[in-house]
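Okay, final.txt now, which holds compact mmCIF, C-alpha atoms and all ligand atoms:
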# COMPACT_ATOMS: atom_id res chain seq x y z
CA MET O 1 82.23 127.40 -45.00
CA ALA O 2 78.84 126.61 -43.38
CA LYS O 3 78.29 128.00 -39.86
CA GLU O 4 77.00 125.76 -37.06
CA ILE O 5 73.21 125.43 -36.68
CA LYS O 6 72.12 125.86 -33.04
CA ASN O 7 68.70 127.52 -32.69
CA ILE O 8 66.15 127.06 -35.46
CA LEU O 9 62.95 128.99 -36.17
CA VAL O 10 60.39 127.13 -38.30
CA THR O 11 57.63 129.19 -39.94
CA GLY O 12 54.55 127.37 -41.23
CA ALA O 13 55.18 124.72 -38.59
CA VAL O 14 51.50 123.70 -38.38
CA GLY O 15 51.33 122.92 -42.11
CA GLN O 16 51.58 119.56 -43.85
CA ILE O 17 55.39 119.50 -44.13
CA GLY O 18 56.21 121.91 -41.29
CA SER O 19 54.45 119.79 -38.66
CA GLU O 20 56.56 116.68 -39.37
CA LEU O 21 59.75 118.56 -40.21
CA THR O 22 59.64 120.44 -36.88
CA LEU O 23 59.48 117.17 -34.93
CA ALA O 24 62.37 115.70 -36.96
CA LEU O 25 64.45 118.85 -36.39
CA ARG O 26 63.66 118.74 -32.65
CA GLU O 27 64.88 115.15 -32.53
CA LYS O 28 68.15 116.15 -34.18
CA TYR O 29 68.85 119.60 -32.71
CA GLY O 30 67.03 119.34 -29.34
CA ASN O 31 63.43 120.18 -28.44
CA ASP O 32 64.14 123.60 -26.93
CA ASN O 33 66.34 124.63 -29.86
CA VAL O 34 63.63 124.36 -32.51
CA VAL O 35 60.99 127.08 -32.21
CA ALA O 36 57.77 126.29 -34.07
CA THR O 37 55.53 129.09 -35.33
CA GLY O 38 52.20 129.24 -37.11
CA ARG O 39 49.74 131.87 -38.33
CA LYS O 40 46.46 130.85 -36.72
CA THR O 41 45.82 127.07 -36.90
CA GLU O 42 46.13 125.39 -33.50
CA PRO O 43 49.18 123.09 -33.33
CA SER O 44 48.76 119.40 -32.54
CA PRO O 45 49.40 118.50 -28.88
CA VAL O 46 52.74 116.87 -29.77
CA LEU O 47 53.94 119.96 -31.66
CA ARG O 48 52.79 122.32 -28.87
CA ASP O 49 54.12 120.22 -26.00
CA SER O 50 57.48 119.08 -27.40
CA GLY O 51 59.06 122.56 -27.62
CA PRO O 52 58.43 126.31 -27.94
CA PHE O 53 55.47 127.39 -30.06
CA TYR O 54 54.26 130.90 -31.05
CA PHE O 55 51.72 132.47 -33.34
CA ILE O 56 53.36 134.98 -35.70
CA ASN O 57 52.64 136.67 -39.03
CA VAL O 58 55.55 136.41 -41.46
CA CYS O 59 54.30 139.56 -43.19
CA SER O 60 55.08 141.50 -40.01
CA ARG O 61 58.84 141.80 -39.59
CA GLU O 62 58.45 142.75 -35.91
CA SER O 63 56.52 139.60 -35.01
CA VAL O 64 59.25 137.39 -36.51
CA GLU O 65 62.14 139.45 -35.13
CA GLU O 66 60.77 139.30 -31.58
CA ILE O 67 61.08 135.48 -31.59
CA VAL O 68 64.49 135.62 -33.31
CA LYS O 69 65.84 137.82 -30.50
CA LYS O 70 64.11 135.94 -27.67
CA HIS O 71 65.48 132.54 -28.76
CA ASP O 72 68.81 133.67 -30.21
CA ILE O 73 67.82 132.15 -33.55
CA ASP O 74 70.65 131.47 -36.03
CA THR O 75 68.75 129.42 -38.63
CA ILE O 76 65.33 129.89 -40.24
CA VAL O 77 63.37 127.14 -42.00
CA HIS O 78 60.73 129.14 -43.82
CA MET O 79 57.81 126.84 -44.68
CA ALA O 80 54.96 129.39 -44.55
CA ALA O 81 53.40 129.85 -48.02
CA ILE O 82 50.11 130.09 -49.88
CA LEU O 83 49.99 127.15 -52.33
CA SER O 84 48.87 126.97 -55.96
CA GLY O 85 45.10 126.42 -55.61
CA ASP O 86 44.54 128.95 -52.83
CA GLY O 87 46.90 131.36 -54.61
CA GLU O 88 44.60 131.43 -57.65
CA LYS O 89 41.64 132.24 -55.39
CA ASN O 90 43.51 135.12 -53.78
CA PRO O 91 46.58 136.17 -55.84
CA ALA O 92 47.20 139.33 -53.77
CA LEU O 93 47.42 137.29 -50.56
CA ALA O 94 49.73 134.76 -52.27
CA TRP O 95 52.04 137.58 -53.35
CA ASP O 96 51.99 139.19 -49.91
CA VAL O 97 52.76 136.02 -47.93
CA ASN O 98 55.09 134.39 -50.46
CA MET O 99 57.08 137.50 -51.45
CA ASN O 100 56.81 140.09 -48.67
CA GLY O 101 56.91 137.36 -46.03
CA MET O 102 60.00 135.84 -47.65
CA MET O 103 61.72 139.23 -47.98
CA ASN O 104 61.18 139.79 -44.23
CA ILE O 105 62.82 136.43 -43.49
CA LEU O 106 65.78 137.22 -45.76
CA ASP O 107 66.26 140.72 -44.32
CA ILE O 108 66.12 139.38 -40.76
CA ALA O 109 68.60 136.64 -41.72
CA ARG O 110 70.98 139.26 -43.15
CA ASP O 111 70.63 141.69 -40.25
CA HIS O 112 71.03 138.99 -37.58
CA LYS O 113 73.87 137.24 -39.44
CA MET O 114 72.10 133.87 -39.59
CA ALA O 115 74.08 130.68 -40.11
CA GLN O 116 71.54 129.33 -42.62
CA VAL O 117 68.10 129.87 -44.17
CA LEU O 118 66.13 127.10 -45.86
CA ILE O 119 63.28 128.22 -48.12
CA PRO O 120 61.56 125.55 -50.21
CA SER O 121 60.49 126.11 -53.78
CA SER O 122 58.20 123.91 -55.86
CA ILE O 123 57.60 122.21 -59.22
CA ALA O 124 55.15 125.14 -59.62
CA VAL O 125 58.07 127.22 -60.97
CA PHE O 126 57.65 125.38 -64.28
CA GLY O 127 55.08 126.11 -66.98
CA PRO O 128 54.62 126.52 -70.74
CA GLY O 129 57.92 126.12 -72.59
CA THR O 130 59.42 123.82 -69.94
CA PRO O 131 60.14 120.24 -71.14
CA LEU O 132 57.60 118.27 -69.07
CA GLU O 133 59.35 114.86 -69.06
CA ASN O 134 62.52 114.59 -66.98
CA THR O 135 62.45 118.38 -66.55
CA PRO O 136 66.03 119.72 -66.25
CA ASN O 137 67.08 121.67 -63.16
CA ASP O 138 68.03 124.73 -65.22
CA THR O 139 65.35 125.38 -67.82
CA VAL O 140 62.50 127.69 -68.87
CA LEU O 141 60.62 129.09 -65.82
CA LYS O 142 57.38 130.70 -67.00
CA PRO O 143 54.71 129.59 -64.51
CA THR O 144 51.04 130.42 -64.99
CA THR O 145 50.04 130.60 -61.29
CA MET O 146 50.70 133.34 -58.74
CA TYR O 147 52.23 130.66 -56.49
CA GLY O 148 54.62 129.69 -59.30
CA VAL O 149 55.44 133.32 -60.09
CA SER O 150 56.23 133.97 -56.42
CA LYS O 151 58.39 130.83 -56.22
CA VAL O 152 60.43 131.84 -59.31
CA CYS O 153 60.92 135.34 -57.84
CA GLY O 154 61.74 133.70 -54.51
CA GLU O 155 64.44 131.49 -56.02
CA LEU O 156 65.98 134.53 -57.72
CA LEU O 157 65.72 136.59 -54.55
CA CYS O 158 67.45 133.88 -52.52
CA ASP O 159 70.30 133.69 -55.02
CA TYR O 160 70.55 137.49 -54.93
CA TYR O 161 70.96 137.41 -51.11
CA VAL O 162 73.58 134.64 -51.41
CA ASN O 163 75.60 136.67 -53.91
CA LYS O 164 75.11 140.17 -52.51
CA TYR O 165 75.21 139.50 -48.75
CA GLY O 166 77.07 136.18 -48.55
CA LEU O 167 74.14 134.45 -46.82
CA ASP O 168 73.87 130.65 -46.75
CA ILE O 169 70.44 130.04 -48.30
CA ARG O 170 69.21 126.70 -49.58
CA GLY O 171 66.02 125.46 -51.18
CA LEU O 172 64.53 122.53 -53.04
CA ARG O 173 61.62 122.27 -55.44
CA TYR O 174 59.13 120.04 -53.69
CA PRO O 175 56.92 117.84 -55.86
CA GLY O 176 53.49 116.83 -54.47
CA ILE O 177 54.07 115.59 -50.93
CA ILE O 178 52.02 112.65 -49.62
CA SER O 179 51.62 112.09 -45.89
CA ALA O 180 49.32 110.55 -43.30
CA GLU O 181 49.72 113.03 -40.41
CA THR O 182 48.69 116.58 -41.39
CA LEU O 183 46.47 117.25 -44.41
CA PRO O 184 47.85 119.57 -47.09
CA GLY O 185 45.86 122.74 -47.77
CA GLY O 186 45.20 124.71 -50.93
CA GLY O 187 47.52 122.84 -53.33
CA THR O 188 46.97 121.19 -56.71
CA THR O 189 48.61 117.91 -55.69
CA ASP O 190 46.30 117.56 -52.65
CA TYR O 191 44.25 114.90 -54.52
CA ALA O 192 47.11 112.43 -54.06
CA VAL O 193 46.62 112.65 -50.29
CA ALA O 194 42.82 112.96 -50.23
CA ILE O 195 42.48 109.78 -52.32
CA TYR O 196 43.98 107.70 -49.47
CA TYR O 197 41.74 109.24 -46.79
CA GLU O 198 38.62 108.69 -48.93
CA ALA O 199 39.66 105.13 -49.83
CA ILE O 200 39.82 104.28 -46.13
CA LYS O 201 36.73 106.23 -45.05
CA ASN O 202 34.29 105.79 -47.99
CA LYS O 203 35.91 103.40 -50.49
CA LYS O 204 35.34 105.98 -53.22
CA TYR O 205 36.89 109.29 -54.30
CA ASN O 206 35.80 112.05 -56.67
CA CYS O 207 39.04 113.40 -58.13
CA PHE O 208 39.48 117.04 -59.23
CA VAL O 209 42.02 116.17 -61.96
CA LYS O 210 41.69 113.71 -64.86
CA ALA O 211 42.67 110.03 -64.65
CA ASP O 212 45.76 110.42 -66.85
CA THR O 213 47.19 113.42 -64.92
CA ARG O 214 50.75 112.43 -64.10
CA LEU O 215 52.82 114.49 -61.65
CA PRO O 216 56.00 114.04 -59.61
CA MET O 217 55.24 112.99 -56.02
CA MET O 218 57.21 112.17 -52.88
CA TYR O 219 56.39 110.40 -49.60
CA MET O 220 56.88 112.48 -46.45
CA PRO O 221 59.83 110.49 -45.01
CA ASP O 222 61.77 111.23 -48.21
CA CYS O 223 60.67 114.88 -48.07
CA ILE O 224 62.02 115.21 -44.50
CA LYS O 225 65.23 113.42 -45.49
CA ALA O 226 65.74 115.63 -48.57
CA THR O 227 65.20 118.80 -46.53
CA MET O 228 67.51 117.79 -43.69
CA ASP O 229 70.18 116.38 -46.04
CA LEU O 230 70.25 119.67 -47.94
CA MET O 231 70.53 121.60 -44.65
CA GLU O 232 73.52 119.47 -43.64
CA ALA O 233 75.37 119.58 -46.98
CA PRO O 234 78.72 121.46 -47.01
CA PHE O 235 77.93 124.88 -48.47
CA ASP O 236 81.08 124.83 -50.60
CA ASN O 237 79.80 121.76 -52.48
CA LEU O 238 76.69 123.61 -53.69
CA LYS O 239 76.69 125.13 -57.16
CA HIS O 240 72.94 125.68 -57.04
CA HIS O 241 71.38 127.15 -53.89
CA SER O 242 67.64 127.64 -53.73
CA ASP O 243 66.37 125.69 -56.74
CA PHE O 244 67.19 121.98 -56.56
CA ASN O 245 64.86 119.56 -58.38
CA VAL O 246 64.24 116.52 -56.16
CA GLY O 247 62.68 113.47 -57.78
CA SER O 248 61.18 110.40 -56.18
CA MET O 249 58.21 108.90 -58.05
CA SER O 250 55.79 109.94 -60.81
CA PHE O 251 52.38 108.40 -61.47
CA ASP O 252 48.97 109.21 -62.90
CA VAL O 253 45.74 108.94 -60.92
CA THR O 254 44.75 105.60 -62.53
CA THR O 255 48.05 104.05 -61.44
CA LEU O 256 47.59 105.38 -57.91
CA ALA O 257 43.98 104.13 -57.75
CA ASN O 258 45.07 100.67 -58.99
CA GLU O 259 47.74 100.54 -56.33
CA ILE O 260 45.13 101.33 -53.65
CA LYS O 261 42.78 98.68 -55.15
CA LYS O 262 45.41 96.01 -54.46
CA HIS O 263 44.57 96.62 -50.77
CA ILE O 264 40.92 97.77 -51.08
CA PRO O 265 39.50 95.97 -54.19
CA GLU O 266 36.10 97.71 -54.01
CA PHE O 267 37.68 101.22 -54.17
CA GLU O 268 36.25 103.38 -56.99
CA VAL O 269 37.39 106.75 -58.39
CA SER O 270 35.22 109.20 -60.35
CA TYR O 271 36.53 112.32 -62.09
CA ASP O 272 35.28 115.88 -62.00
CA PRO O 273 38.19 118.15 -63.10
CA ASP O 274 38.14 121.76 -61.88
CA PHE O 275 40.45 124.81 -62.31
CA ARG O 276 43.37 122.84 -60.88
CA GLN O 277 43.49 120.64 -64.02
CA ALA O 278 45.06 123.48 -66.01
CA ILE O 279 47.63 124.01 -63.25
CA ALA O 280 48.50 120.29 -63.16
CA ASP O 281 48.78 120.23 -66.98
CA SER O 282 51.34 123.04 -66.88
CA TRP O 283 53.61 121.17 -64.43
CA PRO O 284 56.22 118.47 -65.21
CA SER O 285 55.39 114.76 -65.19
CA SER O 286 58.87 113.93 -63.90
CA VAL O 287 62.01 115.85 -62.96
CA ASP O 288 65.74 115.40 -63.52
CA ASP O 289 67.34 115.70 -60.09
CA SER O 290 70.95 115.01 -61.06
CA ALA O 291 72.11 118.37 -59.58
CA ALA O 292 70.75 117.37 -56.14
CA ARG O 293 72.29 113.90 -56.49
CA GLU O 294 75.70 115.30 -57.46
CA GLU O 295 75.88 118.32 -55.15
CA TRP O 296 74.50 116.89 -51.90
CA GLY O 297 73.94 113.17 -52.45
CA TRP O 298 70.14 113.09 -52.82
CA ALA O 299 68.63 109.61 -53.21
CA PRO O 300 64.96 108.74 -52.46
CA SER O 301 64.00 105.57 -50.58
CA TRP O 302 60.23 105.19 -51.14
CA ASP O 303 58.23 103.99 -54.16
CA ILE O 304 54.48 103.94 -54.83
CA GLU O 305 54.03 100.33 -53.56
CA GLY O 306 55.76 100.90 -50.22
CA MET O 307 54.15 104.30 -49.74
CA THR O 308 50.63 103.01 -50.44
CA LYS O 309 50.98 100.10 -48.02
CA ASP O 310 52.31 102.43 -45.30
CA MET O 311 49.67 105.14 -45.91
CA LEU O 312 46.79 102.65 -45.80
CA GLU O 313 48.14 100.96 -42.66
CA LYS O 314 48.51 104.28 -40.83
CA LEU O 315 45.16 105.72 -41.92
CA GLY O 316 43.38 102.37 -41.44
CA LYS O 317 44.59 102.19 -37.84
CA ARG O 318 43.44 105.75 -37.11
CA HIS O 319 40.06 105.03 -38.75
CA LYS O 320 39.53 101.96 -36.54
CA GLU O 321 40.32 104.08 -33.48
CA GLY O 322 37.71 106.63 -34.63
CA LYS O 323 40.40 109.30 -35.14
CA LEU O 324 40.03 109.96 -38.87
C1 LIG C 401 50.82 122.55 -54.70
O1 LIG C 401 50.16 121.66 -55.25
O2 LIG C 401 50.58 123.75 -54.82
C2 LIG C 401 52.00 122.15 -53.86
C3 LIG C 401 53.28 122.17 -54.63
C4 LIG C 401 53.54 121.18 -55.68
O3 LIG C 401 54.12 123.00 -54.37
N1 LIG C 401 51.78 120.84 -53.31
Final structure tokens representation of the file:
Amino acid sequence: MAKEIKNILVTGAVGQIGSELTLALREKYGNDNVVATGRKTEPSPVLRDSGPFYFINVCSRESVEEIVKKHDIDTIVHMAAILSGDGEKNPALAWDVNMNGMMNILDIARDHKMAQVLIPSSIAVFGPGTPLENTPNDTVLKPTTMYGVSKVCGELLCDYYVNKYGLDIRGLRYPGIISAETLPGGGTTDYAVAIYYEAIKNKKYNCFVKADTRLPMMYMPDCIKATMDLMEAPFDNLKHHSDFNVGSMSFDVTTLANEIKKHIPEFEVSYDPDFRQAIADSWPSSVDDSAAREEWGWAPSWDIEGMTKDMLEKLGKRHKEGKL
């Protein structure tokens, strides 16, 4: 039986997903009941002013526990992580934040008898040996990045805490997430966001992966929906816990550029692949998310056409106002 969620702590709340997820959680659970935390980046005015905000370091158990006690936290949404690109620049930091930080969250959740913990994983858990088309939920996990290694260990660690301590822990493997509010940082899929910003600002984009690189992607409203739907699912219905594939759309860079050209015909893309090409090549092109569909009713709403129109409208408006 799932326990009731009352007071939520969000780590990584200033990041690309955390910043929008925190506001959605505040709308659902009440502004004062969702405590946002970040490491050092200043929060946006809306994030800072709509509810409690603190700077913490997830690698320091004390700094997290202080907020847990102060706000009587019963649920943690742990978004803080070092992503694939930055993780390759500093593997030791990626291990520290992604593993030791996560272990702190899990230990605090166990010791404070939390109702629920949500810790996202990523398509980065896959690698050589994984079938790259329609990648099954349960398959070979041999990633080549430190981020991927930490996410595989993280999934296993979460399942260990579910089985050993009876904790309610959930997680989903995010694909590349595309959004118009907060820029992603340090990931391999960041090109799929940058391309929209550059299309609006400069009508050209120099892409760091090749034209035929095809990866699974998701628009932010679907990402928020997937995360909140998983949080609300009856625990007893879940056979998986921390490792759900969630699919939405898959496209290569040429297809994305052509979609943008429907709105901005003069838009041009050039290609200059860097170290992230090898990472992208080791990840799936599309995922099989039937476990998420069966166990908690996952169904995406956005496709590449609708997303592109919405992204360009939002960014175009901000550009006109001089805010981009
Ligand atoms: C990354 O590119 O590292 C992330 C991810 C897919 O988890 N966006």
Near-ligand residues for ligand LIG 401 (chain C), threshold 8 Å, only C-alpha atoms and all ligand atoms, as a ChimeraX atom specification: /O:83-85,121-124,147,173-177,184,186-190
- Query: Hey, which of O:Leu167, O:Cys207, O:Ile224, O:Leu238 ends up closest to Thr254 of chain O? Count all atoms listed in the file.
  - Reply: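 Checking each of O:Leu167, O:Cys207, O:Ile224, O:Leu238 against Thr254 of chain O, counting all atoms listed in the file, the winner is O:Cys207.
Compared by their closest atoms to Leu315 of chain O, and using only C-alpha atoms, the residues O:Glu27, O:Asp86, O:Glu181, O:Asp236 rank with O:Glu181 nearest.
Atom pair atom CA of Asp229 of chain O / atom CA of Ile73 of chain O: separated by 20.3 Å.
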Hey, what's within 10 Å of Val97 of chain O if we count all atoms listed in the file and toss same-chain stuff fewer than 4 positions away? As a VMD selection string, please?
-> chain O and resid 57 to 60 80 to 82 92 to 93 101 to 104 150
Using only C-alpha atoms, the shortest atom-to-atom distance to Asp272 of chain O among O:Ile108, O:Leu25, O:Ala211, O:Val34 belongs to O:Ala211
Separating atom CA of Gly38 of chain O from atom CA of Gly87 of chain O, to the nearest tenth of an Å, is a gap of 18.4 Å
### Query
Around (66.5, 125.3, -30.5) in the file's frame, which residues reach within 12 Å when counting all atoms listed in the file? Return as a PyMOL selection string?
chain O and resi 5-10+22-23+25-36+50-53+67-68+70-76
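Counting only C-alpha atoms, the residue from O:Cys153, O:Met114, O:Cys158, O:Met311 that sits nearest to Ala194 of chain O is O:Met311.
The interatomic distance for the pair atom CA of Ser250 of chain O and atom CA of Thr144 of chain O works out to 21.4 Å.
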Counting only C-alpha atoms, closest pick from O:Ile304, O:Leu47, O:Met231, O:Val246 relative to Gln116 of chain O is O:Met231
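Counting only C-alpha atoms and comparing O:Ala199, O:Val117, O:Val64, O:Leu21, the residue that lies closest to Phe235 of chain O is O:Val117.
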TODO: Compile the contact shell of Glu133 of chain O as a list in words: residues with an atom at most 10 Å away, counting all atoms listed in the file, same-chain residues fewer than 5 positions apart removed.
DONE: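 Close residues of Glu133 of chain O: Leu215, Trp283, Pro284, Ser285, Ser286, Val287 and Asp288 of chain O.
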